[in-house]
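Listing of final39.txt, compact mmCIF, C-alpha atoms
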```
# COMPACT_ATOMS: atom_id res chain seq x y z
CA MET A 165 -27.91 -22.29 18.07
CA LYS A 166 -24.13 -22.34 18.47
CA ILE A 167 -22.55 -19.18 17.07
CA LEU A 168 -18.87 -18.35 16.56
CA VAL A 169 -18.35 -14.58 16.76
CA SER A 170 -15.24 -12.79 15.55
CA ASN A 171 -14.29 -9.39 14.16
CA ASP A 172 -11.42 -7.21 12.99
CA ASP A 173 -11.77 -4.39 15.53
CA GLY A 174 -10.53 -6.50 18.42
CA ILE A 175 -12.03 -8.13 21.49
CA LEU A 176 -12.57 -4.82 23.32
CA SER A 177 -14.55 -3.10 20.57
CA ASN A 178 -18.05 -1.82 21.24
CA GLY A 179 -19.39 -3.60 18.17
CA ILE A 180 -18.50 -7.10 19.29
CA ARG A 181 -19.71 -6.33 22.80
CA ALA A 182 -23.17 -5.24 21.59
CA LEU A 183 -23.42 -8.23 19.24
CA ILE A 184 -22.56 -10.80 21.92
CA GLU A 185 -24.95 -9.19 24.41
CA ALA A 186 -27.78 -9.35 21.87
CA LEU A 187 -27.14 -12.97 20.85
CA SER A 188 -26.18 -14.63 24.14
CA PRO A 189 -29.66 -14.70 25.77
CA CYS A 190 -30.96 -17.06 23.08
CA HIS A 191 -27.82 -18.66 21.64
CA GLU A 192 -24.61 -20.38 22.71
CA VAL A 193 -21.95 -17.86 21.76
CA TYR A 194 -18.22 -18.56 21.44
CA VAL A 195 -15.76 -15.78 20.66
CA VAL A 196 -12.38 -15.96 18.94
CA ALA A 197 -11.19 -12.43 18.18
CA PRO A 198 -7.97 -10.48 17.58
CA ASP A 199 -6.23 -9.12 20.65
CA ARG A 200 -6.06 -5.70 18.95
CA GLU A 201 -7.52 -3.86 15.98
CA ARG A 202 -6.83 -5.53 12.62
CA SER A 203 -9.00 -3.42 10.31
CA ALA A 204 -8.41 -3.61 6.54
CA ALA A 205 -6.39 -6.80 7.00
CA GLY A 206 -8.20 -8.37 4.05
CA HIS A 207 -8.20 -12.13 3.74
CA SER A 208 -4.70 -12.68 5.05
CA LEU A 209 -3.49 -15.62 7.12
CA THR A 210 -0.44 -15.89 9.37
CA LEU A 211 2.08 -18.36 7.94
CA HIS A 212 5.55 -17.37 9.16
CA THR A 213 5.08 -16.52 12.82
CA PRO A 214 3.48 -18.47 15.69
CA LEU A 215 -0.13 -17.71 16.56
CA ARG A 216 -0.55 -16.97 20.25
CA VAL A 217 -3.91 -17.87 21.78
CA GLU A 218 -5.17 -16.98 25.24
CA GLU A 219 -8.47 -17.94 26.80
CA ILE A 220 -9.86 -14.99 28.74
CA GLU A 221 -12.74 -14.53 31.14
CA PRO A 222 -16.01 -14.86 29.18
CA LYS A 223 -17.34 -11.44 28.21
CA TYR A 224 -20.79 -10.01 27.63
CA GLY A 225 -22.64 -13.32 28.12
CA ALA A 226 -20.51 -15.51 25.84
CA LYS A 227 -19.84 -19.12 26.86
CA GLN A 228 -16.09 -18.86 26.21
CA CYS A 229 -13.73 -16.24 24.78
CA TRP A 230 -10.28 -16.46 23.26
CA ILE A 231 -7.96 -13.80 21.88
CA THR A 232 -5.26 -14.37 19.28
CA THR A 233 -2.36 -12.48 17.79
CA GLY A 234 -3.57 -13.45 14.32
CA THR A 235 -5.62 -11.84 11.59
CA PRO A 236 -9.43 -11.95 11.40
CA GLY A 237 -9.17 -14.88 8.99
CA ASP A 238 -6.86 -16.66 11.43
CA CYS A 239 -9.45 -16.26 14.18
CA VAL A 240 -12.14 -18.22 12.36
CA LYS A 241 -9.81 -20.80 10.86
CA LEU A 242 -8.04 -21.39 14.16
CA GLY A 243 -11.26 -21.32 16.14
CA ILE A 244 -12.95 -24.04 14.11
CA ASN A 245 -9.90 -26.21 13.44
CA ALA A 246 -8.03 -26.00 16.73
CA ILE A 247 -9.86 -24.26 19.57
CA LEU A 248 -13.49 -25.34 19.61
CA THR A 249 -14.37 -28.93 20.48
CA GLU A 250 -16.63 -30.99 18.25
CA GLU A 251 -19.54 -30.20 20.57
CA GLN A 252 -18.82 -26.48 20.25
CA LYS A 253 -18.54 -26.31 16.45
CA PRO A 254 -20.81 -23.51 15.24
CA ASP A 255 -24.07 -23.62 13.36
CA LEU A 256 -23.30 -20.08 12.21
CA VAL A 257 -20.33 -17.71 12.00
CA ILE A 258 -20.97 -14.00 12.53
CA SER A 259 -18.33 -11.31 12.05
CA GLY A 260 -18.73 -7.83 13.50
CA ILE A 261 -20.28 -5.54 14.28
CA ASN A 262 -17.69 -3.53 12.38
CA HIS A 263 -17.08 0.14 13.08
CA GLY A 264 -17.67 1.64 9.64
CA PRO A 265 -19.28 0.42 6.40
CA ASN A 266 -18.15 -2.49 4.24
CA LEU A 267 -19.71 -1.62 0.90
CA GLY A 268 -18.97 -2.19 -2.77
CA ALA A 269 -15.48 -3.14 -3.82
CA ASP A 270 -14.15 -2.13 -0.40
CA ILE A 271 -15.14 -5.57 0.91
CA LEU A 272 -11.98 -6.89 -0.78
CA TYR A 273 -9.94 -5.12 1.90
CA SER A 274 -12.26 -5.87 4.80
CA GLY A 275 -11.17 -8.02 7.71
CA THR A 276 -14.80 -8.20 8.80
CA VAL A 277 -15.94 -9.70 5.51
CA SER A 278 -12.89 -11.97 5.44
CA CYS A 279 -13.90 -13.47 8.80
CA ALA A 280 -17.25 -14.46 7.33
CA MET A 281 -15.68 -15.63 4.06
CA GLU A 282 -13.34 -17.92 5.97
CA GLY A 283 -16.35 -19.47 7.65
CA ALA A 284 -18.08 -19.96 4.29
CA MET A 285 -14.92 -21.48 2.77
CA MET A 286 -14.94 -24.02 5.59
CA GLY A 287 -18.58 -24.90 4.92
CA TYR A 288 -20.28 -22.87 7.67
CA PRO A 289 -23.17 -20.44 7.09
CA SER A 290 -21.69 -16.99 7.70
CA ILE A 291 -22.73 -13.37 8.09
CA ALA A 292 -20.66 -10.16 8.06
CA THR A 293 -22.17 -7.19 9.88
CA SER A 294 -21.17 -3.53 9.81
CA LEU A 295 -22.41 -0.24 11.22
CA ALA A 296 -22.32 2.19 8.29
CA SER A 297 -21.31 5.12 10.46
CA LEU A 298 -18.14 6.67 11.81
CA ARG A 299 -19.65 6.92 15.29
CA ASN A 300 -18.18 4.38 17.68
CA GLU A 301 -19.98 4.67 21.01
CA TYR A 302 -21.50 1.56 22.56
CA GLU A 303 -25.03 2.97 22.22
CA ASP A 304 -24.53 3.31 18.44
CA PHE A 305 -24.24 -0.48 18.12
CA LYS A 306 -27.24 -1.47 20.24
CA TYR A 307 -29.90 -1.28 17.52
CA PRO A 308 -27.72 -2.97 14.86
CA ALA A 309 -27.08 -5.81 17.33
CA GLN A 310 -30.79 -6.13 18.06
CA PHE A 311 -31.49 -6.22 14.33
CA ILE A 312 -29.03 -9.09 13.81
CA ALA A 313 -30.62 -11.04 16.66
CA GLU A 314 -34.08 -10.59 15.12
CA LEU A 315 -32.72 -11.42 11.67
CA LEU A 316 -31.58 -14.82 12.92
CA ASN A 317 -35.14 -15.54 14.02
CA ARG A 318 -36.39 -14.63 10.55
CA LEU A 319 -33.74 -16.79 8.88
CA ASN A 320 -34.37 -19.89 11.00
CA THR A 321 -36.03 -21.67 8.06
CA TYR A 322 -33.61 -20.33 5.43
CA LYS A 323 -30.32 -22.03 4.66
CA ILE A 324 -27.60 -19.71 3.42
CA PRO A 325 -26.30 -21.36 0.21
CA PRO A 326 -22.83 -22.95 0.24
CA LYS A 327 -19.89 -20.68 -0.62
CA THR A 328 -22.01 -17.63 0.25
CA ILE A 329 -22.10 -15.02 2.99
CA LEU A 330 -24.62 -12.31 3.80
CA ASN A 331 -22.89 -8.93 3.97
CA ILE A 332 -25.06 -6.61 6.07
CA ASN A 333 -24.61 -2.85 6.45
CA ILE A 334 -26.83 -0.97 8.90
CA PRO A 335 -27.07 2.84 8.73
CA GLY A 336 -26.03 4.69 11.87
CA LEU A 337 -29.54 5.96 12.59
CA GLU A 338 -32.22 5.58 15.22
CA LYS A 339 -34.52 2.61 14.64
CA ASP A 340 -37.45 4.83 13.63
CA ASP A 341 -35.32 6.54 10.98
CA ILE A 342 -34.41 3.30 9.17
CA ALA A 343 -36.33 3.24 5.88
CA GLY A 344 -36.45 -0.56 5.54
CA ILE A 345 -34.37 -3.44 4.22
CA ALA A 346 -32.94 -3.77 0.72
CA ILE A 347 -31.55 -6.94 -0.85
CA THR A 348 -28.72 -5.52 -2.91
CA GLU A 349 -25.78 -6.16 -5.18
CA LEU A 350 -22.31 -4.81 -4.50
CA GLY A 351 -21.66 -1.30 -5.74
CA SER A 352 -18.55 -0.62 -7.75
CA ARG A 353 -16.55 1.91 -5.78
CA MET A 354 -17.37 3.99 -2.72
CA TYR A 355 -14.29 6.23 -2.81
CA THR A 356 -11.96 7.59 -5.45
CA ASP A 357 -8.29 6.67 -5.22
CA GLY A 358 -6.51 9.74 -3.98
CA TYR A 359 -3.37 10.45 -1.98
CA GLU A 360 -2.20 13.72 -0.48
CA LYS A 361 1.53 14.33 -0.70
CA ARG A 362 2.85 15.84 2.52
CA ILE A 363 6.17 16.73 4.13
CA ASP A 364 6.95 15.66 7.69
CA PRO A 365 8.84 17.85 10.20
CA ARG A 366 12.12 16.24 9.12
CA GLY A 367 11.54 17.19 5.49
CA LYS A 368 10.67 13.68 4.36
CA VAL A 369 7.88 13.05 1.88
CA TYR A 370 4.93 10.89 2.90
CA TYR A 371 1.48 10.16 1.46
CA TRP A 372 -1.93 10.13 3.16
CA MET A 373 -4.84 8.28 1.57
CA ALA A 374 -7.57 10.86 0.96
CA GLY A 375 -10.16 9.50 -1.49
CA GLU A 376 -13.48 11.27 -1.99
CA LEU A 377 -16.97 9.77 -1.99
CA ILE A 378 -18.31 8.74 -5.39
CA ASN A 379 -21.87 9.72 -6.19
CA GLN A 380 -24.14 6.98 -7.55
CA PRO A 381 -27.78 7.22 -8.64
CA ASP A 382 -30.06 6.81 -5.64
CA ASP A 383 -32.40 4.48 -7.52
CA ASN A 384 -29.95 1.71 -8.36
CA LYS A 385 -29.83 -1.68 -6.63
CA THR A 386 -26.45 -1.40 -4.94
CA ASP A 387 -25.55 -1.62 -1.28
CA ILE A 388 -24.05 1.87 -1.41
CA SER A 389 -27.30 3.43 -2.64
CA ALA A 390 -29.37 1.48 -0.12
CA VAL A 391 -27.37 2.82 2.83
CA ARG A 392 -27.48 6.34 1.41
CA ASN A 393 -31.26 5.97 1.33
CA ASN A 394 -31.25 4.98 5.02
CA LYS A 395 -31.95 1.30 4.33
CA ILE A 396 -30.31 -1.78 5.79
CA SER A 397 -28.40 -3.43 2.95
CA ILE A 398 -28.20 -7.23 2.78
CA THR A 399 -25.96 -8.49 -0.02
CA PRO A 400 -25.37 -12.18 -0.79
CA VAL A 401 -21.69 -12.49 -1.68
CA THR A 402 -19.75 -15.51 -2.93
CA TYR A 403 -16.02 -16.14 -3.06
CA GLU A 404 -16.37 -18.00 -6.38
CA MET A 405 -14.53 -15.55 -8.61
CA THR A 406 -14.41 -17.39 -11.94
CA ARG A 407 -15.96 -15.38 -14.83
CA LYS A 408 -17.60 -18.41 -16.40
CA ASN A 409 -19.44 -16.35 -19.01
CA ILE A 410 -16.18 -15.43 -20.81
CA MET A 411 -14.52 -18.85 -20.70
CA HIS A 412 -15.91 -19.88 -24.09
CA ASP A 413 -14.78 -16.64 -25.78
CA LEU A 414 -11.30 -16.92 -24.26
CA GLU A 415 -11.02 -20.54 -25.34
CA SER A 416 -12.05 -19.65 -28.91
CA VAL A 417 -9.15 -17.17 -29.07
CA LEU A 418 -6.45 -19.26 -27.40
CA CYS A 419 -7.49 -22.78 -28.40
CA GLN A 420 -8.63 -22.51 -32.01
CA GLU A 421 -9.69 -25.79 -33.61
CA ASN A 422 -9.39 -27.44 -30.18
CA VAL A 423 -5.60 -26.99 -30.22
CA CYS A 424 -4.31 -25.54 -26.95
CA ASN A 425 -0.66 -26.53 -27.20
CA TRP A 426 0.55 -23.77 -29.52
CA PHE A 427 3.25 -22.55 -27.13
```
As structure tokens, the full file:
Amino acid sequence: MKILVSNDDGILSNGIRALIEALSPCHEVYVVAPDRERSAAGHSLTLHTPLRVEEIEPKYGAKQCWITTGTPGDCVKLGINAILTEEQKPDLVISGINHGPNLGADILYSGTVSCAMEGAMMGYPSIATSLASLRNEYEDFKYPAQFIAELLNRLNTYKIPPKTILNINIPGLEKDDIAGIAITELGSRMYTDGYEKRIDPRGKVYYWMAGELINQPDDNKTDISAVRNNKISITPVTYEMTRKNIMHDLESVLCQENVCNWF
């Protein structure tokens, strides 16, 4: 299988290294990644400055590697549309392995998830992968990378639906301490919105984001609860954001008697 790997932590991150090393023995891996960390970049694209691209020595068993000055979304869009040849176009896009969880509504800010979403928007099956831990040593990513490699074997007869990604969060635990796999829905919020007001040495006011964890019932079906219960969370996510179930009600209010030109 041909796999395009990208991330938001940059080409030198331990997560992307472990992922490439786990995938490359059985797959043809191509890498297009940011030249530096671009965490929390969301689904942004570079429009007003040139995108620099440099091919570098292949790393960790990959066939070819490129770095760019762009965002995570740029990496996938640029990789498929401009860098890879027709023969190199991927069968699958994988983003990660991210340092830290991407759970609940926080995926809206995630560069990792945006990489995968860009792949899905372009019609490619895509997976976003994250280590739900603040630890960042290479060894911490080895089991998550092995899990993703095994997951691909299990999914070889399953076609990820169009416009959909699989968002996977793996607890930062030893393999024997993982309690299983849960197919989940997105939780609502993982952190409260909170900012600490501080004064710098020059007497200027600044703010530091300092939200607190939100407690959710451990028995619900969300990704947040699954990870808290030491399970690997796999959430199918789509970028189709239309609330179709309220369209009729909205139309009945704004277009009474089939008249929608009241303005």
For CA of Thr402 in chain A and CA of His263 in chain A, the interatomic separation in Å (one decimal): 22.5 Å
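Here CA of Ala226 in chain A stands at a distance of 27.1 Å from CA of Ser397 in chain A.
Among A:Cys419, A:Met405, A:Leu183, A:Leu176, the residue with the shortest atom-to-atom distance to Ile220 in chain A, counting all atoms listed in the file, is A:Leu176.
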Between A:Val193, A:Val417, A:Ile363, A:Ala390, which has the minimum distance to Ala346 in chain A (counting all atoms listed in the file)? A:Ala390
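The space separating CA of Phe311 in chain A from CA of Ala186 in chain A comes to 9.0 Å.
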If we count only C-alpha atoms, what is near range 276-279 of chain A at a cut-off of 7 Å, once residues fewer than 2 positions away on the same chain are taken out, given as an MDAnalysis selection string? chainID A and resid 170:172 206:207 236:237 240 259:260 262 271 274 281:283 292
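Between Lys253 in chain A and the residues A:Val217, A:Ile167, A:Ala280, A:Ile312, the shortest atom-to-atom distance, using all atoms listed in the file, involves A:Ile167.
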Report as a ChimeraX atom specification all protein, DNA and RNA residues lying within 6 Å of Ser294 in chain A, evaluated on all atoms listed in the file, omitting residues in the same chain fewer than 4 positions from it. /A:261-262,265,333
Reconstructed N, CA and C atoms for range 389-418 of chain A, given as a compact mmCIF listing (two decimals), keeping the file's coordinate frame:
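part.txt was written with the following content:
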```txt
# COMPACT_ATOMS: atom_id res chain seq x y z
N SER A 389 -26.10 2.61 -2.51
CA SER A 389 -27.30 3.43 -2.64
C SER A 389 -28.31 3.13 -1.54
N ALA A 390 -28.42 1.85 -1.17
CA ALA A 390 -29.37 1.48 -0.12
C ALA A 390 -29.04 2.20 1.18
N VAL A 391 -27.77 2.17 1.58
CA VAL A 391 -27.37 2.82 2.83
C VAL A 391 -27.56 4.33 2.73
N ARG A 392 -27.26 4.90 1.58
CA ARG A 392 -27.48 6.34 1.41
C ARG A 392 -28.95 6.71 1.53
N ASN A 393 -29.82 5.75 1.21
CA ASN A 393 -31.26 5.97 1.33
C ASN A 393 -31.80 5.48 2.68
N ASN A 394 -30.88 5.32 3.65
CA ASN A 394 -31.25 4.98 5.02
C ASN A 394 -31.87 3.58 5.15
N LYS A 395 -31.47 2.67 4.27
CA LYS A 395 -31.95 1.30 4.33
C LYS A 395 -30.84 0.36 4.79
N ILE A 396 -31.25 -0.72 5.43
CA ILE A 396 -30.31 -1.78 5.79
C ILE A 396 -30.04 -2.60 4.54
N SER A 397 -28.79 -2.69 4.16
CA SER A 397 -28.40 -3.43 2.95
C SER A 397 -27.99 -4.85 3.32
N ILE A 398 -28.57 -5.83 2.62
CA ILE A 398 -28.20 -7.23 2.78
C ILE A 398 -27.78 -7.74 1.41
N THR A 399 -26.50 -8.08 1.27
CA THR A 399 -25.96 -8.49 -0.02
C THR A 399 -25.42 -9.91 0.06
N PRO A 400 -25.97 -10.84 -0.73
CA PRO A 400 -25.37 -12.18 -0.79
C PRO A 400 -24.10 -12.12 -1.62
N VAL A 401 -23.00 -12.58 -1.04
CA VAL A 401 -21.69 -12.49 -1.68
C VAL A 401 -21.06 -13.88 -1.70
N THR A 402 -20.43 -14.23 -2.83
CA THR A 402 -19.75 -15.51 -2.93
C THR A 402 -18.27 -15.29 -3.20
N TYR A 403 -17.45 -16.22 -2.77
CA TYR A 403 -16.02 -16.14 -3.06
C TYR A 403 -15.66 -16.82 -4.37
N GLU A 404 -16.64 -17.41 -5.06
CA GLU A 404 -16.37 -18.00 -6.38
C GLU A 404 -16.13 -16.88 -7.37
N MET A 405 -14.90 -16.73 -7.84
CA MET A 405 -14.53 -15.55 -8.61
C MET A 405 -14.34 -15.83 -10.11
N THR A 406 -14.60 -17.05 -10.54
CA THR A 406 -14.41 -17.39 -11.94
C THR A 406 -15.47 -16.70 -12.81
N ARG A 407 -15.04 -15.99 -13.87
CA ARG A 407 -15.96 -15.38 -14.83
C ARG A 407 -16.32 -16.42 -15.89
N LYS A 408 -17.26 -17.29 -15.53
CA LYS A 408 -17.60 -18.41 -16.40
C LYS A 408 -18.16 -17.96 -17.75
N ASN A 409 -18.80 -16.78 -17.78
CA ASN A 409 -19.44 -16.35 -19.01
C ASN A 409 -18.45 -15.94 -20.10
N ILE A 410 -17.15 -15.78 -19.77
CA ILE A 410 -16.18 -15.43 -20.81
C ILE A 410 -15.25 -16.59 -21.14
N MET A 411 -15.42 -17.73 -20.47
CA MET A 411 -14.52 -18.85 -20.70
C MET A 411 -14.58 -19.32 -22.14
N HIS A 412 -15.78 -19.41 -22.71
CA HIS A 412 -15.91 -19.88 -24.09
C HIS A 412 -15.21 -18.93 -25.06
N ASP A 413 -15.41 -17.61 -24.88
CA ASP A 413 -14.78 -16.64 -25.78
C ASP A 413 -13.26 -16.71 -25.66
N LEU A 414 -12.75 -16.84 -24.46
CA LEU A 414 -11.30 -16.92 -24.26
C LEU A 414 -10.73 -18.18 -24.90
N GLU A 415 -11.47 -19.28 -24.74
CA GLU A 415 -11.02 -20.54 -25.34
C GLU A 415 -11.01 -20.45 -26.86
N SER A 416 -11.99 -19.76 -27.45
CA SER A 416 -12.05 -19.65 -28.91
C SER A 416 -10.87 -18.85 -29.47
N VAL A 417 -10.31 -17.95 -28.64
CA VAL A 417 -9.15 -17.17 -29.07
C VAL A 417 -7.85 -17.95 -28.89
N LEU A 418 -7.72 -18.63 -27.75
CA LEU A 418 -6.45 -19.26 -27.40
C LEU A 418 -6.36 -20.73 -27.80
```
